[in-house]
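Structure record follows, encoded as structure tokens.
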Amino acid sequence: SSGSGLTGVLKITAPNVIGHSVVVPVVAELIADNPALRVDLTLSDGVIDIATTGLDVAVRVAVMKPSDMIATRVAANPFTLCASPGYVARFGEPATTEDLVSRSCIKLHAMDNWQFTRGGEMHRVRINGPLSANTVDAVRAACIAGVGIAMLTYWDVHEQIERGELRRIVLADVEPLEIGIWAVFATRTQMPARVRAFIDALRDRLIAATDAASSATRRAAAPRDERQSPGQAGGPT
């Protein structure tokens, strides 16, 4: 699907979880189809400046805000509240954001407030809990272990929810914040074929995975020629 004959070095950065579960399989397929292609992949939950590091493309989880970068939205990735079945059995599910305040919440560093939407407006909830961590993997593992409630993104936890390791929690008074998975690249007049092939393959894989999970409502990939500018969501990147 990616075409053949791609050459040169494709330099990518992506968040750890999405990097392992989505980007690596996409890259493996591109390499198999294009023997002359080389890929340099950096996985990090921090934001790497692609303009100064010579990277071709950064895969980021972000909201849409003005930026000096050029980007295309690859897939929807709403924040998702979840807890282990064991935690729910012991403490029950919170029904509203008011309930959430008194619960043990597991937070990513720099996320003292969890963001939701209510009536189209941003609604922030200050959360408390016994554990904070700097990676999505650690927060997710602690959530599976029953430490408390976590708020991660759909693509971080959908497999664990499908397997029954985590349960999705839906609050009655707010909606989850809709963010997206973006392919971000420094402004340039012409995109190399290897970058375009990667972005197309990434979108195809995310849409296929969404279909496999029977989650048609998550299919919100923008048209391929759309260019918008993302800003950080203040959450996992």
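In the structure tokens, chains take the letters A, B, ... in the order shown, each chain's residues start at 1, and ligands count up from 1 in the order shown.
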Could you pull out the residues in region 3-229 of chain A that DSSP calls strand (DSSP E) from the backbone, as a JSON list (two decimals) with C-alpha atoms, in the first residue's frame?
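The file below, part01.json, is the result:
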```
[["chain", "number", "residue", "atom", "x", "y", "z"],
["A", 8, "GLY", "CA", 16.84, 7.76, 2.02],
["A", 9, "VAL", "CA", 16.51, 8.00, 5.79],
["A", 10, "LEU", "CA", 13.09, 8.58, 7.35],
["A", 11, "LYS", "CA", 13.51, 10.19, 10.79],
["A", 12, "ILE", "CA", 10.50, 9.84, 13.08],
["A", 13, "THR", "CA", 9.66, 10.62, 16.68],
["A", 14, "ALA", "CA", 6.55, 9.31, 18.46],
["A", 37, "LEU", "CA", 14.65, 2.79, 2.88],
["A", 38, "ARG", "CA", 16.28, 3.41, 6.26],
["A", 39, "VAL", "CA", 14.33, 4.51, 9.34],
["A", 40, "ASP", "CA", 15.56, 6.32, 12.46],
["A", 41, "LEU", "CA", 12.90, 6.15, 15.21],
["A", 42, "THR", "CA", 13.01, 8.07, 18.51],
["A", 43, "LEU", "CA", 10.32, 7.18, 21.07],
["A", 57, "VAL", "CA", 7.92, 13.82, 11.13],
["A", 58, "ALA", "CA", 6.68, 13.77, 14.73],
["A", 59, "VAL", "CA", 3.65, 11.70, 15.71],
["A", 60, "ARG", "CA", 1.91, 13.61, 18.49],
["A", 61, "VAL", "CA", -1.20, 13.44, 20.61],
["A", 62, "ALA", "CA", -2.51, 16.99, 20.68],
["A", 63, "VAL", "CA", -5.45, 19.35, 20.52],
["A", 64, "MET", "CA", -5.74, 21.68, 17.56],
["A", 70, "ILE", "CA", 2.53, 22.11, 9.64],
["A", 71, "ALA", "CA", 0.49, 19.04, 10.51],
["A", 72, "THR", "CA", -2.16, 16.64, 9.34],
["A", 73, "ARG", "CA", -4.66, 14.93, 11.63],
["A", 74, "VAL", "CA", -4.33, 11.16, 11.39],
["A", 75, "ALA", "CA", -7.01, 9.88, 13.78],
["A", 76, "ALA", "CA", -9.26, 10.81, 16.67],
["A", 79, "PHE", "CA", -9.27, 11.06, 26.55],
["A", 80, "THR", "CA", -10.71, 7.99, 28.28],
["A", 81, "LEU", "CA", -11.32, 7.46, 31.99],
["A", 82, "CYS", "CA", -10.68, 3.91, 33.13],
["A", 83, "ALA", "CA", -10.13, 1.70, 36.16],
["A", 104, "SER", "CA", -7.71, 7.88, 44.08],
["A", 105, "CYS", "CA", -6.54, 9.10, 40.69],
["A", 106, "ILE", "CA", -3.29, 8.20, 38.94],
["A", 107, "LYS", "CA", -1.85, 11.18, 37.14],
["A", 108, "LEU", "CA", 0.80, 11.85, 34.60],
["A", 113, "ASN", "CA", -6.06, 18.97, 36.35],
["A", 114, "TRP", "CA", -8.04, 16.64, 34.11],
["A", 115, "GLN", "CA", -9.78, 18.37, 31.23],
["A", 116, "PHE", "CA", -13.30, 17.61, 30.03],
["A", 117, "THR", "CA", -15.91, 19.51, 28.05],
["A", 118, "ARG", "CA", -19.31, 20.59, 29.35],
["A", 121, "GLU", "CA", -16.82, 24.74, 27.30],
["A", 122, "MET", "CA", -13.60, 23.45, 28.85],
["A", 123, "HIS", "CA", -14.15, 22.01, 32.34],
["A", 124, "ARG", "CA", -11.12, 21.24, 34.53],
["A", 125, "VAL", "CA", -11.19, 18.91, 37.53],
["A", 126, "ARG", "CA", -8.37, 18.96, 40.08],
["A", 128, "ASN", "CA", -5.73, 13.71, 43.85],
["A", 129, "GLY", "CA", -4.17, 10.31, 44.38],
["A", 130, "PRO", "CA", -1.28, 8.30, 45.76],
["A", 131, "LEU", "CA", 0.68, 7.94, 42.52],
["A", 132, "SER", "CA", 1.97, 10.13, 39.72],
["A", 133, "ALA", "CA", 4.30, 8.95, 36.96],
["A", 149, "ILE", "CA", -8.59, 5.75, 38.17],
["A", 150, "ALA", "CA", -6.56, 6.94, 35.20],
["A", 151, "MET", "CA", -7.27, 9.27, 32.32],
["A", 152, "LEU", "CA", -5.34, 8.25, 29.24],
["A", 153, "THR", "CA", -6.21, 8.39, 25.57],
["A", 167, "ARG", "CA", -13.11, -0.76, 32.34],
["A", 168, "ARG", "CA", -14.12, 2.46, 30.67],
["A", 169, "ILE", "CA", -15.78, 4.98, 33.02],
["A", 175, "GLU", "CA", -17.83, 14.72, 27.83],
["A", 176, "PRO", "CA", -14.27, 13.50, 27.21],
["A", 180, "GLY", "CA", -6.20, 13.69, 17.96],
["A", 181, "ILE", "CA", -3.17, 11.86, 16.69],
["A", 182, "TRP", "CA", -1.23, 14.20, 14.41],
["A", 183, "ALA", "CA", 1.67, 13.88, 12.02],
["A", 184, "VAL", "CA", 3.69, 17.06, 12.49],
["A", 185, "PHE", "CA", 6.52, 18.26, 10.30]]
```
For region 156-160 of chain A, work out the shell of residues within 12 Å, counting only C-alpha atoms and skipping chain neighbours fewer than 2 positions away, then give it as a ChimeraX atom specification.
/A:15-22,61,77-85,135-141,143-144,150-154,162-168,181,209-210,212-215,218,236-237
Can you tell me, as JSON, numbers by chain, what residues are no more than 10 Å from Ala201 (chain A) when counting only C-alpha atoms, ignoring any on the same chain fewer than 5 positions away?
{"A": [1, 2, 23, 25, 26, 27, 29, 30, 195, 196, 206, 207]}
Between CA of Val101 (chain A) and CA of Leu171 (chain A), what is the distance, to one decimal in Å?
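So the answer is 12.4 Å.
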